[in-house]
>>> print(open('upload.tsv').read())   # TSV, C-alpha atoms
chain	number	residue	atom	x	y	z
A	921	MET	CA	9.06	10.62	-2.27
A	922	PRO	CA	8.71	11.91	1.33
A	923	MET	CA	7.08	9.37	3.63
A	924	MET	CA	4.12	11.47	4.70
A	925	LYS	CA	3.43	12.44	1.09
A	926	ARG	CA	3.50	8.84	-0.12
A	927	ILE	CA	1.33	7.48	2.71
A	928	PHE	CA	-1.27	10.19	2.34
A	929	LEU	CA	-1.20	9.96	-1.46
A	930	PHE	CA	-2.37	6.34	-1.38
A	931	GLY	CA	-4.76	7.11	1.45
A	932	ILE	CA	-6.31	10.00	-0.44
A	933	VAL	CA	-6.68	7.88	-3.60
A	934	ASN	CA	-8.69	5.37	-1.56
A	935	ILE	CA	-10.78	8.14	0.03
A	936	LEU	CA	-11.53	9.57	-3.40
A	937	VAL	CA	-12.68	6.13	-4.56
A	938	ILE	CA	-15.06	5.81	-1.57
A	939	VAL	CA	-16.41	9.34	-1.96
A	940	THR	CA	-16.89	8.87	-5.71
A	941	ILE	CA	-18.79	5.62	-5.13
A	942	SER	CA	-21.01	7.36	-2.56
A	943	ILE	CA	-21.77	10.21	-4.96
A	944	VAL	CA	-22.50	7.90	-7.90
A	945	THR	CA	-24.67	5.44	-5.95
A	946	SER	CA	-26.56	8.29	-4.32
A	947	ALA	CA	-27.16	10.04	-7.66
A	948	LEU	CA	-28.37	6.80	-9.25
A	949	GLY	CA	-30.52	5.87	-6.27
A	950	LEU	CA	-28.64	2.61	-5.67
A	951	GLY	CA	-28.64	0.88	-2.31
A	952	SER	CA	-32.18	1.27	-0.97
A	953	TYR	CA	-31.37	0.68	2.70
A	954	MET	CA	-33.84	3.30	3.96
A	955	SER	CA	-37.48	2.51	4.71
A	956	SER	CA	-40.39	4.22	6.45
A	957	LYS	CA	-39.25	2.54	9.66
A	958	GLY	CA	-35.69	3.83	9.37
A	959	ILE	CA	-32.53	1.96	8.38
A	960	ASN	CA	-32.55	-1.64	7.16
A	961	TYR	CA	-29.23	-2.63	8.71
A	962	GLU	CA	-28.82	-5.88	6.77
A	963	SER	CA	-29.37	-4.15	3.43
A	964	LEU	CA	-27.00	-1.37	4.45
A	965	MET	CA	-24.26	-3.82	5.40
A	966	VAL	CA	-24.58	-5.68	2.08
A	967	PHE	CA	-24.52	-2.36	0.22
A	968	CYS	CA	-21.40	-1.15	2.06
A	969	LEU	CA	-19.58	-4.46	1.76
A	970	MET	CA	-20.26	-4.70	-1.97
A	971	TRP	CA	-19.20	-1.16	-2.80
A	972	GLY	CA	-16.38	-0.97	-0.22
A	973	MET	CA	-14.77	-4.11	-1.59
A	974	GLY	CA	-15.51	-2.96	-5.12
A	975	GLY	CA	-13.66	0.31	-4.58
A	976	ALA	CA	-10.62	-1.46	-3.16
A	977	PHE	CA	-10.46	-3.89	-6.08
A	978	ILE	CA	-10.79	-1.04	-8.58
A	979	SER	CA	-7.68	0.46	-6.98
A	980	LEU	CA	-5.94	-2.92	-7.19
A	981	MET	CA	-6.75	-3.39	-10.88
A	982	LEU	CA	-5.27	0.02	-11.63
A	983	SER	CA	-2.25	-0.41	-9.36
A	984	ARG	CA	0.40	-1.11	-12.02
A	985	VAL	CA	-0.76	1.72	-14.26
A	986	MET	CA	-1.07	4.15	-11.33
A	987	ALA	CA	2.35	3.22	-9.96
A	988	ARG	CA	4.01	3.77	-13.33
A	989	TRP	CA	2.22	7.06	-13.79
A	990	MET	CA	2.86	8.45	-10.30
A	991	SER	CA	6.53	7.41	-10.12
A	992	GLY	CA	7.50	7.80	-13.79
A	993	VAL	CA	8.58	4.17	-14.06
A	994	LYS	CA	10.24	3.13	-17.34
A	995	LEU	CA	10.02	-0.58	-18.13
A	996	VAL	CA	13.22	-2.46	-18.98
A	997	THR	CA	13.76	-5.90	-20.53
A	998	ARG	CA	16.60	-8.31	-21.14
A	999	ASP	CA	17.10	-6.71	-24.56
A	1000	THR	CA	18.52	-3.54	-23.02
A	1001	ASN	CA	22.12	-2.59	-23.85
A	1002	ASP	CA	22.72	-1.41	-20.29
A	1003	SER	CA	24.47	-4.24	-18.43
A	1004	VAL	CA	23.31	-2.96	-15.01
A	1005	LEU	CA	19.68	-3.00	-16.07
A	1006	ARG	CA	20.08	-6.38	-17.76
A	1007	ASP	CA	21.48	-7.80	-14.52
A	1008	LEU	CA	18.53	-6.24	-12.67
A	1009	VAL	CA	16.03	-7.99	-14.93
A	1010	ASP	CA	17.91	-11.30	-14.67
A	1011	SER	CA	17.91	-11.08	-10.86
A	1012	VAL	CA	14.17	-10.36	-10.70
A	1013	TYR	CA	13.40	-13.25	-13.04
A	1014	ARG	CA	15.64	-15.68	-11.17
A	1015	LEU	CA	14.10	-14.80	-7.80
A	1016	ALA	CA	10.59	-14.94	-9.28
A	1017	ARG	CA	11.18	-18.44	-10.63
A	1018	ALA	CA	12.57	-19.52	-7.26
A	1019	ALA	CA	9.37	-18.22	-5.67
A	1020	GLY	CA	7.24	-20.29	-8.07
A	1021	ILE	CA	5.87	-17.33	-10.04
A	1022	ARG	CA	4.88	-18.48	-13.55
A	1023	THR	CA	4.66	-15.18	-15.43
A	1024	MET	CA	7.66	-12.94	-14.89
A	1025	PRO	CA	6.98	-9.54	-13.33
A	1026	GLN	CA	7.44	-6.36	-15.29
A	1027	VAL	CA	10.70	-4.69	-14.27
A	1028	GLY	CA	11.03	-0.94	-14.16
A	1029	VAL	CA	13.35	1.88	-13.12
A	1030	TYR	CA	12.45	5.42	-12.15
A	1031	ASP	CA	14.57	8.50	-11.59
A	1032	SER	CA	15.05	9.27	-7.90
A	1033	GLN	CA	18.09	9.73	-5.70
A	1034	ASP	CA	16.26	8.10	-2.78
A	1035	ILE	CA	16.82	4.39	-2.16
A	1036	ASN	CA	13.41	3.15	-3.24
A	1037	ALA	CA	11.82	-0.01	-4.58
A	1038	PHE	CA	8.30	-1.37	-4.67
A	1039	ALA	CA	6.18	-4.23	-6.00
A	1040	THR	CA	2.59	-3.89	-7.12
A	1041	GLY	CA	0.02	-5.48	-9.40
A	1042	PRO	CA	-3.40	-7.15	-9.25
A	1043	THR	CA	-2.10	-10.77	-9.18
A	1044	LYS	CA	1.11	-12.77	-8.85
A	1045	ASN	CA	1.24	-13.15	-12.62
A	1046	ARG	CA	0.47	-9.50	-13.39
A	1047	SER	CA	2.97	-7.73	-11.18
A	1048	LEU	CA	5.58	-4.98	-11.38
A	1049	VAL	CA	8.89	-4.60	-9.55
A	1050	ALA	CA	10.42	-1.13	-9.79
A	1051	VAL	CA	13.60	0.31	-8.32
A	1052	SER	CA	15.00	3.83	-8.17
A	1053	THR	CA	18.18	4.99	-9.85
A	1054	GLY	CA	19.47	5.93	-6.39
A	1055	LEU	CA	19.14	2.33	-5.24
A	1056	LEU	CA	21.07	1.05	-8.26
A	1057	GLN	CA	23.81	3.59	-7.67
A	1058	ARG	CA	24.27	3.17	-3.93
A	1059	MET	CA	23.66	-0.53	-3.27
A	1060	ASN	CA	26.03	-3.35	-4.10
A	1061	LYS	CA	24.91	-6.59	-5.74
A	1062	ASN	CA	24.25	-8.48	-2.50
A	1063	GLU	CA	22.24	-5.61	-1.01
A	1064	LEU	CA	20.23	-5.26	-4.22
A	1065	GLU	CA	19.48	-9.01	-4.15
A	1066	GLY	CA	18.08	-8.60	-0.65
A	1067	VAL	CA	15.75	-5.78	-1.73
A	1068	LEU	CA	14.59	-7.70	-4.80
A	1069	GLY	CA	14.03	-10.83	-2.72
A	1070	HIS	CA	11.84	-8.79	-0.36
A	1071	GLU	CA	9.76	-7.44	-3.24
A	1072	ILE	CA	9.37	-10.84	-4.91
A	1073	ALA	CA	8.26	-12.23	-1.53
A	1074	HIS	CA	5.51	-9.60	-1.44
A	1075	ILE	CA	4.31	-10.86	-4.83
A	1076	SER	CA	4.65	-14.53	-3.89
A	1077	ASN	CA	2.80	-13.99	-0.59
A	1078	GLY	CA	-0.07	-12.34	-2.44
A	1079	ASP	CA	0.29	-9.22	-0.33
A	1080	MET	CA	-1.32	-6.94	-2.90
A	1081	VAL	CA	-4.54	-8.98	-2.85
A	1082	THR	CA	-4.42	-9.50	0.94
A	1083	MET	CA	-4.03	-5.79	1.64
A	1084	THR	CA	-6.80	-5.05	-0.87
A	1085	LEU	CA	-9.16	-7.37	1.01
A	1086	ILE	CA	-8.28	-5.67	4.29
A	1087	GLN	CA	-8.73	-2.24	2.74
A	1088	GLY	CA	-12.07	-3.36	1.30
A	1089	ILE	CA	-13.34	-4.48	4.70
A	1090	VAL	CA	-12.19	-1.21	6.26
A	1091	ASN	CA	-13.94	0.69	3.46
A	1092	ALA	CA	-17.16	-1.23	4.15
A	1093	PHE	CA	-17.09	-0.32	7.84
A	1094	VAL	CA	-16.26	3.31	6.99
A	1095	MET	CA	-19.30	3.54	4.70
A	1096	PHE	CA	-21.54	1.67	7.16
A	1097	PHE	CA	-20.79	3.76	10.25
A	1098	ALA	CA	-20.79	7.02	8.29
A	1099	ARG	CA	-24.36	6.33	7.16
A	1100	ILE	CA	-25.57	5.16	10.59
A	1101	ILE	CA	-24.21	8.23	12.36
A	1102	ALA	CA	-25.38	10.59	9.61
A	1103	PHE	CA	-28.91	9.18	9.88
A	1104	PHE	CA	-29.17	9.92	13.60
A	1105	VAL	CA	-27.34	13.27	13.39
A	1106	THR	CA	-29.72	14.55	10.71
A	1107	SER	CA	-32.93	12.98	12.00
A	1108	THR	CA	-34.12	16.33	13.39
A	1109	VAL	CA	-33.29	18.34	10.25
A	1110	ASP	CA	-36.17	19.80	8.24
A	1111	GLU	CA	-37.34	17.17	5.74
A	1112	ARG	CA	-36.91	19.62	2.86
A	1113	TYR	CA	-33.15	19.74	3.47
A	1114	GLN	CA	-32.62	16.41	5.16
A	1115	TRP	CA	-31.38	14.51	2.11
A	1116	ILE	CA	-28.69	17.01	1.12
A	1117	VAL	CA	-27.55	17.58	4.72
A	1118	ARG	CA	-27.34	13.83	5.31
A	1119	PHE	CA	-25.37	13.40	2.08
A	1120	VAL	CA	-22.83	16.07	3.11
A	1121	VAL	CA	-22.47	14.57	6.60
A	1122	ILE	CA	-21.89	11.11	5.10
A	1123	ILE	CA	-19.09	12.43	2.87
A	1124	LEU	CA	-17.40	14.26	5.76
A	1125	LEU	CA	-17.65	11.23	8.04
A	1126	GLU	CA	-16.28	8.94	5.32
A	1127	ILE	CA	-13.24	11.17	4.96
A	1128	ALA	CA	-12.67	11.27	8.73
A	1129	PHE	CA	-13.21	7.52	9.24
A	1130	SER	CA	-10.98	6.71	6.26
A	1131	PHE	CA	-8.05	8.39	7.97
A	1132	LEU	CA	-8.73	6.31	11.09
A	1133	GLY	CA	-8.98	3.24	8.87
A	1134	MET	CA	-5.50	3.99	7.54
A	1135	MET	CA	-4.15	3.09	10.99
A	1136	VAL	CA	-5.78	-0.35	10.83
A	1137	VAL	CA	-4.48	-0.99	7.31
A	1138	ALA	CA	-1.01	0.24	8.32
A	1139	TRP	CA	-0.90	-2.23	11.24
A	1140	PHE	CA	-1.58	-5.16	8.89
A	1141	SER	CA	0.95	-3.76	6.43
A	1142	ARG	CA	3.69	-3.71	9.07
A	1143	TRP	CA	2.98	-7.37	9.88
A	1144	ARG	CA	3.17	-8.28	6.16
A	1145	GLU	CA	6.52	-6.49	5.94
A	1146	PHE	CA	7.99	-8.89	8.50
A	1147	ARG	CA	6.70	-11.79	6.39
A	1148	ALA	CA	8.25	-10.28	3.25
A	1149	ASP	CA	11.58	-9.91	5.07
A	1150	ALA	CA	11.46	-13.60	5.99
A	1151	GLY	CA	10.52	-14.48	2.41
A	1152	GLY	CA	13.32	-12.31	1.05
A	1153	ALA	CA	15.75	-14.10	3.35
A	1154	ARG	CA	14.63	-17.47	1.97
A	1155	LEU	CA	14.91	-16.35	-1.64
A	1156	ALA	CA	18.04	-14.21	-1.60
A	1157	GLY	CA	19.70	-15.41	1.60
A	1158	ARG	CA	19.37	-14.10	5.14
A	1159	GLU	CA	22.73	-12.31	5.06
A	1160	ARG	CA	21.77	-10.46	1.88
A	1161	MET	CA	18.42	-9.47	3.35
A	1162	ILE	CA	20.12	-8.14	6.49
A	1163	ALA	CA	22.76	-6.39	4.35
A	1164	ALA	CA	19.99	-4.60	2.43
A	1165	LEU	CA	18.39	-3.36	5.65
A	1166	GLU	CA	21.74	-2.29	7.08
A	1167	ALA	CA	22.52	-0.39	3.86
A	1168	LEU	CA	19.24	1.47	4.26
A	1169	ARG	CA	20.10	2.30	7.86
A	1170	ARG	CA	23.47	3.71	6.79
A	1171	ASP	CA	21.87	5.84	4.08
A	1172	PHE	CA	19.13	7.02	6.42
A	1173	GLY	CA	21.73	8.08	8.94
A	1174	ARG	CA	23.21	10.46	6.40
A	1175	VAL	CA	19.93	12.40	5.99
A	1176	GLU	CA	20.26	15.84	7.54
A	1177	PRO	CA	18.03	15.95	10.65
A	1178	GLN	CA	16.46	19.30	9.79
A	1179	LYS	CA	15.19	17.95	6.47
A	1180	GLU	CA	12.10	15.86	5.98
A	1181	GLN	CA	13.05	12.20	6.34
A	1182	THR	CA	13.26	10.09	3.22
A	1183	ALA	CA	10.74	7.33	2.54
A	1184	PHE	CA	11.93	3.99	1.28
A	1185	ALA	CA	8.97	2.55	-0.60
A	1186	SER	CA	10.24	-1.01	-0.35
A	1187	LEU	CA	11.75	-0.89	3.13
A	1188	LYS	CA	10.25	2.29	4.51
A	1189	ILE	CA	11.94	4.10	7.39
A	1190	SER	CA	10.61	6.55	9.89
A	1191	GLY	CA	12.88	8.69	11.98
A	1192	LYS	CA	10.27	8.59	14.75
A	1193	HIS	CA	9.24	5.45	16.61
A	1194	GLY	CA	6.18	6.92	18.30
A	1195	GLY	CA	3.28	9.27	17.81
A	1196	LEU	CA	1.20	9.59	14.68
A	1197	MET	CA	3.97	8.41	12.34
A	1198	ALA	CA	4.20	5.10	14.19
A	1199	LEU	CA	0.45	4.57	13.76
A	1200	ILE	CA	0.23	5.32	10.05
A	1201	SER	CA	3.63	3.99	8.97
A	1202	THR	CA	3.22	1.00	6.67
A	1203	HIS	CA	6.70	-0.34	7.50
A	1204	PRO	CA	8.20	-1.22	10.91
A	1205	PRO	CA	11.46	0.35	12.18
A	1206	LEU	CA	14.58	-1.10	10.56
A	1207	VAL	CA	16.15	-1.97	13.91
A	1208	GLU	CA	13.25	-4.30	14.72
A	1209	ARG	CA	13.31	-5.88	11.26
A	1210	VAL	CA	17.03	-6.63	11.46
A	1211	ARG	CA	16.59	-8.04	14.97
A	1212	ARG	CA	13.86	-10.43	13.83
A	1213	LEU	CA	15.90	-11.64	10.88
A	1214	GLN	CA	18.86	-12.28	13.15
A	1215	LEU	CA	16.56	-14.35	15.37
A	1216	GLY	CA	15.36	-16.41	12.42
A	1217	GLY	CA	12.83	-14.21	10.65
A	1218	MET	CA	10.00	-14.27	13.20
A	1219	TYR	CA	6.80	-12.42	12.27
>>> encode(input="upload.tsv", output="structure tokens")
Amino acid sequence: MPMMKRIFLFGIVNILVIVTISIVTSALGLGSYMSSKGINYESLMVFCLMWGMGGAFISLMLSRVMARWMSGVKLVTRDTNDSVLRDLVDSVYRLARAAGIRTMPQVGVYDSQDINAFATGPTKNRSLVAVSTGLLQRMNKNELEGVLGHEIAHISNGDMVTMTLIQGIVNAFVMFFARIIAFFVTSTVDERYQWIVRFVVIILLEIAFSFLGMMVVAWFSRWREFRADAGGARLAGRERMIAALEALRRDFGRVEPQKEQTAFASLKISGKHGGLMALISTHPPLVERVRRLQLGGMY
């Protein structure tokens, strides 16, 4: 899946959750933070924190189902007759046990010629690790172990929950500032139309602020990727982790420059190291990740 498409897909899902919550709470009259004297800031902050975090955790609870639906993931087990897929499941289970995970992750494969892999799920013991057919075809065993170690490290580090908490806090601030600004912007509007105008302004501001919030979430995500690289190096071996990143660099180098660059969901690459892509990219450049691993996995 192209990088920009994937990043904005998840961003738009979160925006839709925020907007839906705003519509529902407004229609039901929930969150009475307005008074005759204006805004009750404490009530507004509680309202935004509760619903902002709630929206993020709704997304988290649905993450495995949404990932399988959006990517067409087919689950595989040890009972499969395909020796390659059986080895894949065995590797995931072995790395998961080494990471101290009690309940083995679901393992899935989806049809894509890109080198892709991802981990998701609401908790360590309700997780999913999925890889693309392109990854299985173009990576050797050691390189695959590095990718799987990276994904298991994400699960072991609790990155899904951590990023959900960060997204929830960002959502809360988005909702808070959208309502504050909308109140002052619409304070001079005719009272007969004030409610509907304020509602529309809130929705527009939430959409705009959510895109800005994506930059904050992306910064934290890039930091967590360095941690997952270090964790993958501990689980699968540093040389295997570096080999996986180098394999991705080789494959990325074969992409024709005039085409849209490929996204690697597990170890995402951007052909540009500056500008907007650098701000919203959830994964750091491969060169920097390899360098840190060679220096001992600093993050």
>>> closest_residue(input="upload.tsv", among="A:Glu1159, A:Glu1071, A:Asp1110, A:Asp1171", to="Leu1015 in chain A", atoms="all atoms listed in the file")
A:Glu1071
>>> atom_distance(input="upload.tsv", atom1="CA of Gly1028 in chain A", atom2="CA of Gly1088 in chain A")
27.9 Å
>>> closest_residue(input="upload.tsv", among="A:Ser1107, A:Ser1032, A:Thr1084, A:Asn1062", to="Met1161 in chain A", atoms="all atoms listed in the file")
A:Asn1062
>>> closest_residue(input="upload.tsv", among="A:Gly1066, A:Gly974, A:Gly1151, A:Gly1054", to="Gly1078 in chain A", atoms="only C-alpha atoms")
A:Gly1151
>>> atom_distance(input="upload.tsv", atom1="CA of His1070 in chain A", atom2="CA of Ala1148 in chain A")
5.3 Å
>>> residues_near_point(input="upload.tsv", point="(19.4, -2.4, -9.9)", cutoff="7 Å", atoms="only C-alpha atoms", output="list in words")
Val1004, Leu1005, Leu1008, Val1051, Leu1055, Leu1056 and Leu1064 of chain A
>>> atom_distance(input="upload.tsv", atom1="CA of Leu1168 in chain A", atom2="CA of Pro1025 in chain A")
24.1 Å
>>> closest_residue(input="upload.tsv", among="A:Ala987, A:Met973, A:Ala1016, A:Leu964", to="Val937 in chain A", atoms="all atoms listed in the file")
A:Met973
